[in-house]
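Text of query.txt (compact mmCIF, C-alpha atoms) as supplied:
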# COMPACT_ATOMS: atom_id res chain seq x y z
CA MET A 42 -23.26 -4.27 12.58
CA THR A 43 -19.77 -5.74 12.92
CA ALA A 44 -19.76 -8.54 10.34
CA ARG A 45 -17.25 -8.13 7.52
CA TRP A 46 -19.21 -9.76 4.68
CA GLY A 47 -22.82 -9.21 3.76
CA ILE A 48 -25.43 -6.63 2.84
CA ALA A 49 -26.87 -4.07 5.25
CA ALA A 50 -30.13 -2.22 4.79
CA LEU A 51 -30.87 -0.69 8.18
CA VAL A 52 -33.79 1.72 7.92
CA LEU A 53 -34.16 3.94 10.97
CA PHE A 54 -36.92 6.31 9.95
CA GLY A 55 -38.77 4.51 7.21
CA MET A 56 -39.38 5.33 3.58
CA THR A 57 -39.70 9.05 2.81
CA MET A 58 -41.04 11.04 -0.12
CA GLN A 59 -38.50 12.82 -2.29
CA VAL A 60 -39.94 16.29 -2.87
CA SER A 61 -38.01 16.85 -6.09
CA HIS A 62 -39.37 13.68 -7.68
CA CYS A 63 -42.68 13.25 -5.85
CA VAL A 64 -42.09 9.48 -5.68
CA ALA A 65 -40.90 7.21 -2.93
CA ALA A 66 -37.14 6.84 -2.91
CA GLU A 67 -35.53 3.44 -3.14
CA PRO A 68 -34.05 2.45 0.22
CA LEU A 69 -30.32 2.88 0.55
CA THR A 70 -28.40 -0.34 1.15
CA VAL A 71 -24.78 -1.05 1.95
CA ALA A 72 -22.99 -4.05 0.40
CA PHE A 73 -19.66 -5.47 1.53
CA ASP A 74 -19.69 -8.97 0.03
CA PHE A 75 -16.66 -8.57 -2.26
CA GLU A 76 -12.88 -8.87 -2.08
CA GLY A 77 -11.24 -6.36 0.25
CA ALA A 78 -14.52 -4.95 1.58
CA SER A 79 -14.92 -4.06 5.23
CA VAL A 80 -17.34 -1.92 7.26
CA GLY A 81 -18.89 -2.05 10.72
CA ASP A 82 -21.87 -0.69 12.71
CA VAL A 83 -23.82 0.49 9.68
CA GLU A 84 -26.88 2.65 10.33
CA ILE A 85 -28.96 4.13 7.51
CA ASP A 86 -31.19 7.14 8.05
CA GLU A 87 -33.71 7.28 5.20
CA ALA A 88 -35.07 10.63 6.33
CA THR A 89 -31.73 12.36 5.75
CA ARG A 90 -30.36 9.83 3.24
CA SER A 91 -27.24 9.40 5.34
CA ILE A 92 -25.13 6.41 6.34
CA SER A 93 -23.27 6.12 9.63
CA PHE A 94 -20.49 3.54 9.86
CA MET A 95 -17.07 2.71 11.22
CA PRO A 96 -14.18 0.59 9.90
CA GLY A 97 -14.73 -3.14 10.04
CA GLY A 98 -12.23 -5.95 10.33
CA ASP A 99 -11.04 -8.26 13.07
CA PRO A 100 -8.73 -6.27 15.40
CA GLU A 101 -6.64 -9.40 15.99
CA ARG A 102 -5.85 -9.25 12.27
CA GLY A 103 -4.60 -5.69 12.38
CA TRP A 104 -5.51 -2.07 12.97
CA PRO A 105 -9.24 -1.51 12.34
CA CYS A 106 -8.85 1.60 10.19
CA TRP A 107 -9.66 0.26 6.69
CA TRP A 108 -13.17 0.65 5.25
CA TYR A 109 -14.50 -0.19 1.80
CA PHE A 110 -18.11 -0.83 0.77
CA ARG A 111 -20.76 -0.08 -1.87
CA VAL A 112 -23.91 2.00 -1.50
CA ASP A 113 -26.91 1.03 -3.66
CA GLY A 114 -30.30 2.66 -4.14
CA ILE A 115 -29.10 6.20 -4.88
CA GLN A 116 -31.54 8.41 -6.77
CA PRO A 117 -30.63 10.57 -9.80
CA SER A 118 -28.83 13.78 -8.77
CA GLU A 119 -29.12 12.78 -5.10
CA THR A 120 -26.56 13.81 -2.51
CA ILE A 121 -25.79 11.22 0.13
CA THR A 122 -24.07 11.87 3.45
CA LEU A 123 -21.49 9.58 5.05
CA ARG A 124 -20.86 9.79 8.79
CA LEU A 125 -17.64 7.99 9.73
CA HIS A 126 -16.78 7.13 13.33
CA GLY A 127 -13.45 5.66 14.41
CA SER A 128 -13.45 2.01 15.46
CA THR A 129 -14.19 1.22 19.09
CA ALA A 130 -12.54 -2.21 18.85
CA THR A 131 -9.69 -3.08 21.19
CA VAL A 132 -7.11 -5.85 21.29
CA GLY A 133 -6.41 -7.11 24.77
CA LYS A 134 -5.86 -4.14 27.09
CA GLN A 135 -5.01 -1.69 24.36
CA LYS A 136 -7.08 1.43 23.81
CA PRO A 137 -9.07 1.81 20.59
CA LEU A 138 -7.01 3.06 17.66
CA SER A 139 -7.00 6.84 17.19
CA ALA A 140 -9.81 7.77 14.79
CA SER A 141 -7.41 9.89 12.71
CA TRP A 142 -6.00 6.75 11.09
CA ALA A 143 -9.43 5.97 9.64
CA MET A 144 -10.35 9.52 8.62
CA PRO A 145 -8.75 10.77 5.42
CA ALA A 146 -9.44 14.42 4.62
CA ARG A 147 -11.13 13.17 1.45
CA ALA A 148 -12.86 9.84 1.00
CA THR A 149 -12.22 7.79 -2.14
CA TYR A 150 -15.08 6.76 -4.42
CA SER A 151 -15.73 4.98 -7.71
CA ILE A 152 -18.74 4.40 -9.92
CA ASP A 153 -17.31 1.37 -11.71
CA GLY A 154 -14.92 -0.06 -9.11
CA GLU A 155 -11.93 0.73 -11.33
CA THR A 156 -11.54 4.52 -11.61
CA TRP A 157 -11.03 6.05 -8.16
CA LEU A 158 -11.60 9.71 -7.31
CA HIS A 159 -11.69 11.91 -4.20
CA THR A 160 -14.79 13.37 -2.61
CA ASP A 161 -14.75 16.98 -1.52
CA GLU A 162 -12.93 17.56 1.75
CA GLY A 163 -14.81 16.13 4.69
CA GLN A 164 -15.86 18.06 7.78
CA ARG A 165 -15.00 16.95 11.31
CA ASP A 166 -17.97 16.93 13.66
CA GLY A 167 -16.87 15.84 17.09
CA GLN A 168 -16.04 12.14 16.90
CA ARG A 169 -17.22 11.85 13.31
CA MET A 170 -15.96 12.81 9.87
CA ILE A 171 -18.74 13.86 7.51
CA TYR A 172 -18.42 13.38 3.75
CA THR A 173 -21.03 14.32 1.14
CA LEU A 174 -21.21 13.00 -2.39
CA THR A 175 -23.48 13.37 -5.43
CA PRO A 176 -22.39 10.41 -7.56
CA ASP A 177 -25.02 10.65 -10.33
CA ALA A 178 -25.28 6.87 -10.32
CA ALA A 179 -27.46 4.29 -8.64
CA SER A 180 -24.44 2.71 -6.90
CA VAL A 181 -21.09 3.98 -5.69
CA TYR A 182 -18.06 2.31 -4.10
CA LEU A 183 -16.54 4.16 -1.12
CA ALA A 184 -13.23 3.54 0.62
CA TRP A 185 -10.55 4.89 2.92
CA GLY A 186 -8.22 5.07 -0.08
CA PRO A 187 -8.06 3.57 -3.58
CA PRO A 188 -8.48 -0.20 -3.07
CA TYR A 189 -5.89 -2.57 -4.52
CA THR A 190 -6.87 -6.19 -4.01
CA PRO A 191 -5.09 -9.47 -4.77
CA GLU A 192 -7.23 -9.69 -7.91
CA THR A 193 -5.87 -6.26 -8.93
CA ALA A 194 -2.31 -7.45 -8.35
CA GLU A 195 -2.90 -10.63 -10.34
CA ALA A 196 -4.35 -8.66 -13.26
CA PHE A 197 -1.48 -6.17 -13.15
CA VAL A 198 1.38 -8.68 -13.29
CA HIS A 199 -0.31 -10.57 -16.12
CA ALA A 200 -0.93 -7.34 -18.05
CA MET A 201 2.75 -6.42 -17.77
CA ALA A 202 3.80 -9.91 -18.89
CA ALA A 203 1.42 -9.75 -21.86
CA LYS A 204 2.88 -6.39 -22.84
CA SER A 205 6.54 -7.32 -22.46
CA SER A 206 8.46 -10.41 -23.48
CA TYR A 207 11.05 -9.60 -20.78
CA ALA A 208 8.43 -9.53 -17.98
CA GLU A 209 7.09 -12.67 -16.31
CA ALA A 210 3.97 -13.00 -14.16
CA THR A 211 4.85 -15.42 -11.40
CA GLU A 212 4.23 -16.08 -7.68
CA LEU A 213 6.38 -15.39 -4.67
CA CYS A 214 4.57 -18.20 -2.81
CA ARG A 215 1.15 -19.18 -1.45
CA SER A 216 -0.11 -17.48 1.70
CA ARG A 217 -1.05 -19.25 4.91
CA GLU A 218 -4.67 -19.22 3.69
CA GLY A 219 -3.68 -20.62 0.30
CA ARG A 220 -3.84 -17.46 -1.81
CA PRO A 221 -1.26 -16.80 -4.54
CA VAL A 222 1.13 -13.89 -3.91
CA PRO A 223 1.58 -12.33 -7.37
CA MET A 224 5.10 -11.26 -8.36
CA LEU A 225 6.44 -9.52 -11.45
CA TYR A 226 9.89 -10.65 -12.57
CA VAL A 227 11.74 -8.53 -15.12
CA ARG A 228 15.04 -8.88 -17.00
CA GLU A 229 15.96 -8.18 -20.61
CA GLY A 230 18.86 -9.16 -22.84
CA GLU A 231 21.62 -11.70 -22.71
CA LEU A 232 23.70 -10.30 -19.83
CA GLU A 233 24.44 -13.21 -17.53
CA THR A 234 22.83 -13.26 -14.10
CA LYS A 235 26.02 -12.85 -12.07
CA LYS A 236 26.69 -9.54 -13.82
CA ARG A 237 23.26 -8.09 -13.08
CA PHE A 238 22.26 -5.77 -10.23
CA GLY A 239 19.66 -7.24 -7.89
CA VAL A 240 16.57 -5.09 -7.22
CA TRP A 241 13.78 -6.12 -4.85
CA VAL A 242 10.60 -4.02 -4.47
CA GLN A 243 7.68 -5.03 -2.25
CA ALA A 244 4.54 -3.32 -0.99
CA ARG A 245 1.68 -3.80 1.42
CA GLN A 246 3.21 -5.57 4.38
CA HIS A 247 0.44 -3.67 6.18
CA ALA A 248 -2.82 -4.48 4.40
CA TRP A 249 -4.63 -1.19 5.04
CA GLU A 250 -1.88 0.84 3.31
CA SER A 251 -3.41 0.50 -0.14
CA GLY A 252 -1.53 3.44 -1.65
CA SER A 253 1.74 1.51 -1.45
CA SER A 254 0.45 -1.07 -3.94
CA TRP A 255 -0.34 1.71 -6.43
CA VAL A 256 3.23 2.99 -5.97
CA ALA A 257 4.47 -0.52 -6.77
CA GLN A 258 2.27 -0.61 -9.87
CA GLY A 259 3.70 2.72 -11.04
CA PHE A 260 7.19 1.29 -10.58
CA GLY A 261 6.31 -1.73 -12.71
CA GLU A 262 4.59 0.29 -15.42
CA TRP A 263 7.66 2.49 -15.84
CA LEU A 264 9.93 -0.54 -15.76
CA VAL A 265 8.32 -2.14 -18.83
CA SER A 266 7.90 1.15 -20.70
CA ASP A 267 9.86 2.37 -23.73
CA ASP A 268 11.78 4.93 -21.68
CA ALA A 269 15.49 4.59 -22.53
CA ASN A 270 16.39 4.50 -18.84
CA ALA A 271 13.87 1.74 -18.21
CA VAL A 272 15.44 -0.25 -21.04
CA TRP A 273 18.87 0.23 -19.45
CA LEU A 274 17.58 -0.97 -16.07
CA ARG A 275 15.99 -4.08 -17.54
CA GLN A 276 19.19 -4.91 -19.41
CA HIS A 277 21.50 -4.43 -16.42
CA ALA A 278 19.39 -5.67 -13.51
CA GLU A 279 17.16 -8.48 -12.33
CA ILE A 280 14.02 -7.01 -10.75
CA PHE A 281 11.52 -8.65 -8.41
CA LEU A 282 8.28 -6.71 -7.71
CA ILE A 283 5.56 -7.83 -5.27
CA PRO A 284 2.52 -5.46 -5.17
CA ILE A 285 0.94 -7.10 -2.09
CA MET A 286 2.79 -9.04 0.60
CA ASP A 287 -0.08 -9.52 3.08
CA VAL A 288 -2.59 -10.94 0.60
CA ASP A 289 -4.79 -12.64 3.21
CA ASN A 290 -5.63 -9.53 5.22
CA THR A 291 -5.92 -7.46 2.06
CA ALA A 292 -8.42 -9.93 0.60
CA THR A 293 -10.52 -10.12 3.77
CA GLY A 294 -10.58 -6.38 4.52
CA ASN A 295 -8.45 -6.50 7.66
CA GLY A 296 -5.88 -3.89 8.65
CA GLY A 297 -2.84 -6.15 8.93
CA LYS A 298 -0.66 -3.83 11.02
CA ASP A 299 0.03 -5.25 14.49
CA ALA A 300 -1.82 -8.44 13.62
CA VAL A 301 -1.44 -11.40 15.98
CA PRO A 302 1.22 -12.75 16.57
CA HIS A 303 2.85 -9.82 14.72
CA ASP A 304 2.49 -8.25 11.31
CA HIS A 305 4.52 -9.03 8.20
CA ASN A 306 6.90 -6.12 8.77
CA ARG A 307 7.85 -7.44 12.24
CA ASP A 308 8.37 -10.99 11.01
CA TRP A 309 11.84 -10.87 9.44
CA SER A 310 13.36 -13.23 11.97
CA PRO A 311 15.22 -16.55 11.75
CA GLN A 312 11.84 -18.32 12.01
CA PRO A 313 9.15 -16.26 10.24
CA HIS A 314 5.48 -16.88 10.88
CA TRP A 315 4.25 -15.71 7.47
CA ASN A 316 4.86 -17.67 4.26
CA GLU A 317 5.53 -14.49 2.29
CA ILE A 318 8.43 -13.55 4.57
CA MET A 319 9.97 -17.02 4.42
CA ALA A 320 9.87 -16.94 0.62
CA ALA A 321 11.24 -13.39 0.41
CA GLN A 322 14.10 -14.17 2.80
CA ARG A 323 15.12 -17.18 0.72
CA LYS A 324 15.21 -15.23 -2.54
CA ILE A 325 16.94 -12.21 -1.00
CA GLY A 326 19.40 -14.57 0.68
CA ASP A 327 20.27 -15.95 -2.76
CA LEU A 328 20.97 -12.43 -4.03
CA VAL A 329 23.14 -11.73 -1.00
CA GLY A 330 25.04 -14.97 -1.55
CA GLU A 331 25.76 -13.87 -5.10
CA ASP A 332 26.90 -10.41 -3.90
CA ARG A 333 23.98 -8.89 -5.87
CA MET A 334 21.57 -7.48 -3.26
CA ASP A 335 21.91 -3.93 -4.55
CA VAL A 336 18.55 -2.20 -3.87
CA PHE A 337 15.77 -3.29 -1.51
CA LEU A 338 12.64 -1.12 -1.24
CA ASP A 339 9.72 -1.73 1.11
CA LEU A 340 6.69 0.45 0.30
CA HIS A 341 4.24 1.80 2.90
CA ASN A 342 1.90 4.67 3.76
CA PRO A 343 2.71 6.77 6.88
CA GLY A 344 0.71 8.55 9.59
CA PRO A 345 -2.17 10.89 8.62
CA GLY A 346 -0.12 14.06 9.13
CA ASP A 347 3.11 12.93 7.47
CA ALA A 348 4.55 13.80 4.08
CA SER A 349 6.45 11.12 2.14
CA PHE A 350 9.79 10.09 3.64
CA PHE A 351 12.26 7.23 4.05
CA TYR A 352 12.75 5.11 7.17
CA VAL A 353 16.39 4.17 7.81
CA LEU A 354 18.61 2.55 10.40
CA PRO A 355 20.61 4.89 12.66
CA ARG A 356 23.82 6.07 10.99
CA ASP A 357 26.02 4.59 13.72
CA MET A 358 24.73 1.11 12.86
CA LEU A 359 26.04 1.23 9.29
CA SER A 360 29.56 1.27 7.89
CA GLU A 361 30.94 2.29 4.52
CA PRO A 362 30.20 1.96 1.70
CA MET A 363 26.61 1.17 2.74
CA LEU A 364 26.07 4.50 4.48
CA SER A 365 27.26 6.74 1.63
CA LEU A 366 25.43 4.67 -0.96
CA ARG A 367 22.21 4.90 1.04
CA ASP A 368 22.54 8.69 1.32
CA ARG A 369 23.17 8.97 -2.41
CA PHE A 370 20.09 6.92 -3.24
CA ILE A 371 17.92 9.06 -0.95
CA ASP A 372 19.23 12.25 -2.59
CA LEU A 373 18.48 10.94 -6.08
CA THR A 374 14.97 9.84 -5.13
CA TYR A 375 14.13 13.08 -3.34
CA ALA A 376 15.36 15.08 -6.34
CA ARG A 377 12.82 13.30 -8.54
CA ILE A 378 9.77 12.93 -6.30
CA SER A 379 9.97 16.42 -4.78
CA LYS A 380 9.75 17.97 -8.27
CA MET A 381 6.71 15.98 -9.41
CA LYS A 382 3.70 17.83 -10.78
CA PRO A 383 1.16 17.71 -9.28
CA LEU A 384 3.05 17.85 -6.01
CA ILE A 385 3.38 14.84 -3.73
CA PRO A 386 4.80 16.30 -0.48
CA MET A 387 8.13 14.70 0.46
CA SER A 388 10.68 15.29 3.21
CA ASN A 389 14.39 14.91 2.57
CA LYS A 390 14.96 14.03 6.24
CA PRO A 391 14.61 10.29 6.89
CA LYS A 392 13.15 8.92 10.11
CA VAL A 393 14.93 6.29 12.15
CA THR A 394 13.80 2.73 12.96
CA GLY A 395 16.36 1.82 15.60
CA ALA A 396 16.10 0.40 19.11
CA ASN A 397 13.75 3.15 20.29
CA TYR A 398 11.30 2.64 17.43
CA HIS A 399 9.78 -0.77 18.20
CA PRO A 400 10.70 -3.79 20.35
CA LEU A 401 10.97 -5.89 17.18
CA TRP A 402 12.98 -3.30 15.26
CA ARG A 403 15.56 -5.88 14.19
CA GLN A 404 12.75 -7.85 12.50
CA ILE A 405 11.59 -4.96 10.30
CA SER A 406 12.26 -5.87 6.67
CA SER A 407 14.46 -2.97 5.57
CA ASN A 408 16.50 -3.26 8.79
CA TRP A 409 16.89 -7.02 8.36
CA VAL A 410 18.12 -6.60 4.78
CA SER A 411 20.58 -3.88 5.83
CA MET A 412 21.97 -6.05 8.61
CA ASN A 413 22.09 -9.23 6.52
CA GLY A 414 22.88 -7.80 3.10
CA ASN A 415 26.07 -7.11 1.18
CA PRO A 416 28.38 -4.22 2.14
CA HIS A 417 27.00 -2.23 -0.80
CA THR A 418 23.29 -2.99 -0.20
CA VAL A 419 20.87 -0.05 -0.13
CA SER A 420 17.81 -1.04 1.91
CA LEU A 421 15.04 1.46 2.62
CA CYS A 422 11.38 1.81 3.53
CA LEU A 423 9.53 4.49 1.53
CA GLU A 424 6.40 5.92 3.17
CA THR A 425 4.22 7.70 0.58
CA VAL A 426 1.80 10.35 1.87
CA TRP A 427 -1.85 9.22 1.83
CA ASN A 428 -3.68 12.22 3.25
CA SER A 429 -3.08 14.84 0.55
CA PRO A 430 -5.18 16.00 -2.43
CA ASN A 431 -2.81 14.20 -4.82
CA SER A 432 -2.80 10.89 -2.95
CA THR A 433 -4.69 9.26 -5.80
CA THR A 434 -4.00 6.36 -8.12
CA VAL A 435 -2.41 8.84 -10.55
CA GLY A 436 -0.28 10.44 -7.85
CA TYR A 437 0.81 7.13 -6.33
CA ARG A 438 1.76 5.67 -9.71
CA ALA A 439 3.79 8.79 -10.50
CA VAL A 440 5.72 8.28 -7.25
CA GLY A 441 6.41 4.69 -8.31
CA ALA A 442 7.61 5.75 -11.75
CA ASN A 443 9.96 8.35 -10.27
CA LEU A 444 11.21 5.86 -7.69
CA ALA A 445 12.03 3.40 -10.48
CA ALA A 446 13.81 6.14 -12.44
CA ALA A 447 15.83 6.95 -9.30
CA VAL A 448 16.87 3.28 -9.06
CA GLN A 449 18.20 3.57 -12.60
CA ASP A 450 19.93 6.89 -11.81
CA TYR A 451 21.64 5.24 -8.87
CA LEU A 452 22.68 1.97 -10.53
CA ALA A 453 23.98 3.77 -13.62
CA GLU A 454 26.55 5.41 -11.32
CA ARG A 455 27.68 2.09 -9.89
CA PRO A 456 30.57 0.12 -11.40
CA ALA A 457 29.62 -2.82 -13.58
CA LYS A 458 29.61 -6.17 -11.82

Mind turning this structure into C-alpha cells?
Amino acid sequence: MTARWGIAALVLFGMTMQVSHCVAAEPLTVAFDFEGASVGDVEIDEATRSISFMPGGDPERGWPCWWYFRVDGIQPSETITLRLHGSTATVGKQKPLSASWAMPARATYSIDGETWLHTDEGQRDGQRMIYTLTPDAASVYLAWGPPYTPETAEAFVHAMAAKSSYAEATELCRSREGRPVPMLYVREGELETKKRFGVWVQARQHAWESGSSWVAQGFGEWLVSDDANAVWLRQHAEIFLIPIMDVDNTATGNGGKDAVPHDHNRDWSPQPHWNEIMAAQRKIGDLVGEDRMDVFLDLHNPGPGDASFFYVLPRDMLSEPMLSLRDRFIDLTYARISKMKPLIPMSNKPKVTGANYHPLWRQISSNWVSMNGNPHTVSLCLETVWNSPNSTTVGYRAVGANLAAAVQDYLAERPAK
C-alpha cells in the first residue's frame, strides 16, 4: 500500500486464537487518516501479530523517511511487532534514500497522541528494523520521532499568548496550499523598537525533522517564563518564532527535504518559490534595514549518526565583527547545551555549508542571512541530534530552553542600541 491517507487492514494469515485468552483476537488495523500521518506498503500478519511497513509520502515532495500511523485492535497485555523497511521510492534517476534515515534506534509511540515515549531499542535484521511494543492499550500511535503538526504549532502559539500579555499569536503568512503558518511574536516593556535587538528563530524547513519544532517550542516556553534572564530578553529584544516553516508537507506527511523544485532551505533566493520564504525575507530585510538583525537561528535535525552541532559559512567568507561574534555565540551555546542533564550529545566543532556543500549553498537560509545581514549579525543553523535516547520531547525542549538562555547570555554582552 502506498496511499498516504486511509485505513489498512491487510490480513495475511487469517484470524488466530490467542492461547492466553482462549478467544479470537480482534484483527489489527493501521490508520493514517489524520494530520501528519504517512505510511506505505502495509502488511499485517495476524499469526504473529506483526506489521510490516515502510515510510510513505510522495518522493517529489521530499525524502520518504517520515512515518506516522496508528495501530488499532491490540489486545490487553499483547506485544506487537513492527517491521520497518526503508522506502524503495526514487525521484528521477536517483537511488532510493538510504534506509538509515528512516530507522531511528528507538521508535516513538503514544497512547493518547500527546505524550510521546520511546520504545526499547530496535534490532536490525537485514534490510529491516524490528521494534516490539506492549502498549497496554487498544490503540497506539507510532512514529519516526515525536510528531509536531501545524495544529500543534497553532495550539502552542495561542497557549503562549494566553499565558503572557507580551506574547502574540500571529501568522507569518499563508502557505501555497492556503494553510496558516503560526508565528509567536514576543516583546515586553516600553523600550522603543529601534533600541531593541532583533531575534529570529525558525524551525522545520525540512518537514520530516520533527524534533526541531520541539526545540522551537522549548525556546518559546523559556522565553515567556518567569526566569529573570527571560524577562531581560523580552524587555530588550523583539523576538519572532516560527515552529514550522514547511507547513504543507508537515500536514500531509511528506518529507520536505529536496522537494521539487527545491526545499524551503534552498529557496532563499531573489525570487523564492515558497510563500514562507518570501514572507521571512521581507521581515528579516526590515530588521536589516533598521540595523537590528542580531541573531538568526534555523533549527534542524542532522544525519542519524550525528550529535548536535552548528552549520556555518567558511571563516574566509566572513569579516569582523561578524566572525568573532559568531564564535562567541557558539561558545556560549555549547557551554549550556553540553552540560544539560540528561545529556544531549553536542559537538563544539561546527560544520561548513560553503561551495562544496550543495550547489544551492548561497540559497540556504543561514548563509543568505549572513551574506545579506548587518555587520554584527549572527546567523546559524543548529542541528539537534535525533537518534539518541534523550531525543524526546523533554530533551528537545530542554535544548530550546538552553538555546534561548544562550541568546540572552550573548545579547547581554552586547552594547545597548

Could you build a table of the residues in region 292-314 of chain A lying no more than 12 Å from region 183-188 of chain A, giving for each the nearest pair of atoms and their separation in Å rounded to one decimal place, using all atoms listed in the file, ordered by chain and ascending residue number, as CSV?
residue,atom,partner,partner_atom,distance
A:Ala292,CA,A:Pro188,CA,10.4
A:Gly294,CA,A:Pro188,CA,10.0
A:Gly296,CA,A:Trp185,CA,11.5

Now that the selection is made, can you save its residues with C-alpha atoms as an mmCIF file, in the frame of the given file?
data_model
loop_
_atom_site.group_PDB
_atom_site.id
_atom_site.type_symbol
_atom_site.label_atom_id
_atom_site.label_comp_id
_atom_site.auth_asym_id
_atom_site.auth_seq_id
_atom_site.Cartn_x
_atom_site.Cartn_y
_atom_site.Cartn_z
ATOM 1 C CA ALA A 292 -8.420 -9.930 0.600
ATOM 2 C CA GLY A 294 -10.580 -6.380 4.520
ATOM 3 C CA GLY A 296 -5.880 -3.890 8.650
#

*Select, counting all atoms listed in the file, all protein, DNA and RNA residues no farther than 7 Å from (4.6, 13.2, -2.2) in file coordinates, and express the selection as a VMD selection string.*
chain A and resid 348 to 349 378 to 379 384 to 387 425 to 426

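Nearest residue to Gly326 (chain A), choosing from A:Ala179, A:Asn431, A:Phe110, A:Pro311 and counting all atoms listed in the file: A:Pro311.
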
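Of the listed residues (A:Cys106, A:Val198, A:Met334, A:Leu401), A:Cys106 comes nearest to Pro137 (chain A); the distances count only C-alpha atoms.
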
_Neighbouring residues of region 317-325 of chain A were defined as those with any atom within 10 Å, considering all atoms listed in the file; residues of the same chain fewer than 5 positions away were excluded. Please report them as number ranges by chain._
A: 213-217, 221-222, 239-241, 243, 246, 281, 283, 285-288, 305-312, 330-331, 333-334, 337, 406, 409-410, 413-414

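Pairwise distance (CA of Thr122 (chain A), CA of Arg90 (chain A)) equals 6.6 Å.
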
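Between CA of Arg367 (chain A) and CA of Cys422 (chain A) the interatomic distance comes to 11.5 Å.
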
How about completing region 102-117 of chain A with N, CA, C and O atoms and giving it to me as a PDB file, keeping the file's coordinate frame?
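Written output follows (selection33.pdb):
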ATOM      1  N   ARG A 102      -6.514  -9.161  13.575  1.00  0.00           N
ATOM      2  CA  ARG A 102      -5.850  -9.250  12.270  1.00  0.00           C
ATOM      3  C   ARG A 102      -5.411  -7.868  11.795  1.00  0.00           C
ATOM      4  O   ARG A 102      -5.254  -7.643  10.601  1.00  0.00           O
ATOM      5  N   GLY A 103      -5.193  -6.969  12.726  1.00  0.00           N
ATOM      6  CA  GLY A 103      -4.600  -5.690  12.380  1.00  0.00           C
ATOM      7  C   GLY A 103      -5.456  -4.492  12.723  1.00  0.00           C
ATOM      8  O   GLY A 103      -6.620  -4.617  13.082  1.00  0.00           O
ATOM      9  N   TRP A 104      -4.835  -3.327  12.637  1.00  0.00           N
ATOM     10  CA  TRP A 104      -5.510  -2.070  12.970  1.00  0.00           C
ATOM     11  C   TRP A 104      -6.857  -1.954  12.263  1.00  0.00           C
ATOM     12  O   TRP A 104      -6.913  -2.046  11.024  1.00  0.00           O
ATOM     13  N   PRO A 105      -7.936  -1.682  12.987  1.00  0.00           N
ATOM     14  CA  PRO A 105      -9.240  -1.510  12.340  1.00  0.00           C
ATOM     15  C   PRO A 105      -9.431  -0.072  11.844  1.00  0.00           C
ATOM     16  O   PRO A 105     -10.176   0.714  12.431  1.00  0.00           O
ATOM     17  N   CYS A 106      -8.736   0.258  10.760  1.00  0.00           N
ATOM     18  CA  CYS A 106      -8.850   1.600  10.190  1.00  0.00           C
ATOM     19  C   CYS A 106      -9.273   1.565   8.714  1.00  0.00           C
ATOM     20  O   CYS A 106      -9.579   2.602   8.129  1.00  0.00           O
ATOM     21  N   TRP A 107      -9.310   0.389   8.116  1.00  0.00           N
ATOM     22  CA  TRP A 107      -9.660   0.260   6.690  1.00  0.00           C
ATOM     23  C   TRP A 107     -11.163   0.100   6.535  1.00  0.00           C
ATOM     24  O   TRP A 107     -11.805  -0.672   7.252  1.00  0.00           O
ATOM     25  N   TRP A 108     -11.751   0.835   5.589  1.00  0.00           N
ATOM     26  CA  TRP A 108     -13.170   0.650   5.250  1.00  0.00           C
ATOM     27  C   TRP A 108     -13.348   0.752   3.747  1.00  0.00           C
ATOM     28  O   TRP A 108     -12.682   1.506   3.053  1.00  0.00           O
ATOM     29  N   TYR A 109     -14.283  -0.072   3.246  1.00  0.00           N
ATOM     30  CA  TYR A 109     -14.500  -0.190   1.800  1.00  0.00           C
ATOM     31  C   TYR A 109     -15.833  -0.897   1.607  1.00  0.00           C
ATOM     32  O   TYR A 109     -16.017  -2.023   2.071  1.00  0.00           O
ATOM     33  N   PHE A 110     -16.783  -0.251   0.956  1.00  0.00           N
ATOM     34  CA  PHE A 110     -18.110  -0.830   0.770  1.00  0.00           C
ATOM     35  C   PHE A 110     -18.788  -0.159  -0.417  1.00  0.00           C
ATOM     36  O   PHE A 110     -18.256   0.789  -1.010  1.00  0.00           O
ATOM     37  N   ARG A 111     -19.978  -0.647  -0.763  1.00  0.00           N
ATOM     38  CA  ARG A 111     -20.760  -0.080  -1.870  1.00  0.00           C
ATOM     39  C   ARG A 111     -22.128   0.356  -1.360  1.00  0.00           C
ATOM     40  O   ARG A 111     -22.755  -0.356  -0.559  1.00  0.00           O
ATOM     41  N   VAL A 112     -22.573   1.513  -1.809  1.00  0.00           N
ATOM     42  CA  VAL A 112     -23.910   2.000  -1.500  1.00  0.00           C
ATOM     43  C   VAL A 112     -24.781   1.849  -2.739  1.00  0.00           C
ATOM     44  O   VAL A 112     -24.413   2.305  -3.824  1.00  0.00           O
ATOM     45  N   ASP A 113     -25.942   1.213  -2.583  1.00  0.00           N
ATOM     46  CA  ASP A 113     -26.910   1.030  -3.660  1.00  0.00           C
ATOM     47  C   ASP A 113     -28.200   1.778  -3.323  1.00  0.00           C
ATOM     48  O   ASP A 113     -28.469   2.109  -2.163  1.00  0.00           O
ATOM     49  N   GLY A 114     -29.013   2.020  -4.351  1.00  0.00           N
ATOM     50  CA  GLY A 114     -30.300   2.660  -4.140  1.00  0.00           C
ATOM     51  C   GLY A 114     -30.273   4.169  -4.217  1.00  0.00           C
ATOM     52  O   GLY A 114     -31.218   4.832  -3.767  1.00  0.00           O
ATOM     53  N   ILE A 115     -29.226   4.745  -4.783  1.00  0.00           N
ATOM     54  CA  ILE A 115     -29.100   6.200  -4.880  1.00  0.00           C
ATOM     55  C   ILE A 115     -29.986   6.711  -6.015  1.00  0.00           C
ATOM     56  O   ILE A 115     -30.054   6.101  -7.092  1.00  0.00           O
ATOM     57  N   GLN A 116     -30.651   7.824  -5.782  1.00  0.00           N
ATOM     58  CA  GLN A 116     -31.540   8.410  -6.770  1.00  0.00           C
ATOM     59  C   GLN A 116     -30.780   9.366  -7.695  1.00  0.00           C
ATOM     60  O   GLN A 116     -29.708   9.877  -7.341  1.00  0.00           O
ATOM     61  N   PRO A 117     -31.298   9.628  -8.892  1.00  0.00           N
ATOM     62  CA  PRO A 117     -30.630  10.570  -9.800  1.00  0.00           C
ATOM     63  C   PRO A 117     -30.415  11.939  -9.146  1.00  0.00           C
ATOM     64  O   PRO A 117     -31.326  12.477  -8.517  1.00  0.00           O
TER      65      PRO A 117
END
